[in-house]
Every structure is written in structure tokens, then in C-alpha cells.
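*Asks:* To start, I am sharing the structure in question, which I have written as C-alpha cells.
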Amino acid sequence: MENTGNLPSLDNDSFDWRRFIKQTVLRTLCWVFAIVVFGTISDQGYYSPTSKTNGTCMFNNNECACSYAVGVGVLAFVACVVFPILDVIISKISSATAKDRIVKGDLAFSAAMTFLWFICFCVLLNQWTRTNSEYVMADAARAAVAFSFFSIITWAVLAYVAYGRYNVNLNTCEWLTALFPRIIGNGNSE
């Protein structure tokens with residue numbers, strides 16, 4: 001089995017362990033950061049003042065802020081479980097189209113998660129600055145805000161890595177199309 005440079009292959013000696021481990025470490029960091037954000041808000045993000053029996057969001061009593069952060073955190077958590085599995089099995093897939101779709105999906109999803117975490121950070125920070133911290137757990141709120149910021153950085157780096165994989169894949173396809181225009185191209189040879 002031949003390695004194309006951007007797709008891991010566990011069957012041969014040319015597997016780029018360094019690149020795979022770096023990407024796995026980044027995904028693990030994203031996973032941990034997501035757990036911290038949604039776990040902190042789910043566990044300590046709601047308080048019950050004496051006049052109310054139901055919990056209220058600690059971020060300026062804004063339920064949308066807590067729900068959004070938990071939703072983005074859970075989405076990131078699930079993605080950080082799925083994408084490492086795809087990174088390993090991509091070498092077993094024989095279809096170049098399927099591999100290309102996985103690489104494009106990784107790039108698009110990482111870029112989208114960077115944007116979603118940026119929105120999450122802005123919302124949480126904005127709502128936290130307006131919060132009266134008399135009843136809330138301030139350390140939990142600060143942790144959620146800080147780790148949502150760290151998530152922006154790690155997902156942006158993952159998007160950059162995915163863009164590098166996409167460029168390698170794109171350059172390989174362009175080279176093959178130029179070399180074999182009738183087989184790979186649109187069938188028009190001049």
C-alpha cells in the first residue's frame with residue numbers, strides 16, 4: 001500500500017507518526033477543553049437564589065449563553081472522538097473521492113468549530129462582565145470563559161493542519177490530472 005503523504009497508513013514504514021501524534025494531541029486538547037466548558041457549566045453553571053427553586057444560568061441569568069456553551073462543548077466532544085477514528089481508518093479507504101471528502105470535511109468542520117468557539121467566548125465573556133457574582137461560582141465561570149478561548153486556538157490550529165492536508169491532496173490530484181489527462185481529467189485531451 002502506498003502512502004500519499006497526507007493520509008496515514010499504518011501498514012507500512014512510511015507512516016508519519018509525528019504528524020499523526022501532533023494531530024491526536026491537538027484533538028485531545030480540544031476534547032479536554034470541551035469537557036471543561038460543558039462540564040463546568042452543566043455542573044456549576046446554574047444557581048438557585050432563595051426566591052427561586054429552579055436553577056438560573058450564572059452568566060447574567062441568560063439561559064441561552066449556558067445552553068449555547070454546553071451545545072458547542074458537546075458537539076466538540078463528539079467530534080474529537082469521531083475524527084481521530086477517521087484519521088486512522090482513512091488509510092484503509094481505497095476511494096480517492098471518499099478520502100478527499102473526509103479531508104474536506106475535517107477542514108470545514110475545524111473552521112466551523114473555530115468560529116463557534118469564538119462566538120461562545122464572546123457571548124460568555126460579555127454575559128460574565130454583566131453578571132452580579134453574589135450567588136454564582138466565579139471560578140467556574142472564569143474557567144468556562146478561559147477554556148472557550150483556549151478552544152478557539154486549538155481548533156484554529158486543527159483547521160490549519162487540515163488545510164495543509166487538503167493542499168497536499170489537492171496538489172497531488174492536480175499533478176495526476178496533468179500527467180494523465182484522459183484517465184483522470186474530463187476526457188478532453190488536446
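Within each chain, counting starts at residue 1; across the C-alpha cells, chains are named A, B, ... in the order shown, with ligands numbered 1 upward in that order.
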Quick one: residues within 8 Å of stretch 24-31 of chain A, only C-alpha atoms counted, chain neighbours fewer than 6 positions away excluded, as a PyMOL selection string?
*Replies:* chain A and resi 76-77+80-81+84+151+154-155+157-158
*Asks:* Would you please give, as a VMD selection string, all residues of stretch 20-173 of chain A that DSSP assigns to strand (DSSP E) based on the backbone?
*Replies:* chain A and resid 46 to 47 56 to 57
*Asks:* Would you mind telling me which residue in A:Phe38, A:Thr56, A:Lys92, A:Ala156 lies nearest to A:Asp106 when using only C-alpha atoms?
*Replies:*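 Of A:Phe38, A:Thr56, A:Lys92, A:Ala156, the one nearest A:Asp106, counting only C-alpha atoms, is A:Ala156.
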*Asks:* Between A:Thr131, A:Asn167, A:Ser95, A:Asn61, single out the one closest to A:Leu107, counting only C-alpha atoms.
*Replies:* A:Asn167
*Asks:* Mind pulling up the distance from atom CA of A:Phe147 to atom CA of A:Phe59?
*Replies:*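 Value for the atom CA of A:Phe59-atom CA of A:Phe147 distance: 15.2 Å.
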*Asks:* Could you check which of A:Leu125, A:Val103, A:Cys120, A:Ala159 is closest to A:Ser91, using only C-alpha atoms?
*Replies:* A:Val103
*Asks:* Find, counting only C-alpha atoms, the residue in A:Tyr160, A:Tyr166, A:Ala112, A:Ser67 that gets nearest to A:Gln23.
*Replies:*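 The closest residue to A:Gln23 is A:Tyr160.
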*Asks:* Write out as a PyMOL selection string which residues come within 8 Å of A:Val145 when counting only C-alpha atoms, dropping same-chain ones fewer than 3 positions away.
*Replies:* chain A and resi 37+121+124-125+141-142+148-149
*Asks:* Which one of A:Asn54, A:Asp43, A:Phe33, A:Tyr163 sits closest to A:Ala111 if you count only C-alpha atoms?
*Replies:*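 Answer, going by the shortest atom-to-atom distance: A:Tyr163.
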*Asks:* Could you pull out the alpha helix (DSSP H) residues of stretch 1-149 of chain A from DSSP and send them as a VMD selection string?
*Replies:* chain A and resid 17 to 44 63 to 89 96 to 129 138 to 149
*Asks:* Between A:Val88, A:Ala162, A:Met113, A:Cys57, which has the minimum distance to A:Asn132 (counting only C-alpha atoms)?
*Replies:*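 Ranking A:Val88, A:Ala162, A:Met113, A:Cys57 by distance to A:Asn132, first place goes to A:Cys57.
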*Asks:* Between atom CA of A:Phe150 and atom CA of A:Thr114, what is the distance, to one decimal in Å?
*Replies:* 10.3 Å
*Asks:* If you measure from atom CA of A:Ser42 to atom CA of A:Ala144, what distance in Å do you get, rounded to one decimal?
*Replies:*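 Going from atom CA of A:Ser42 over to atom CA of A:Ala144, I get 10.5 Å.
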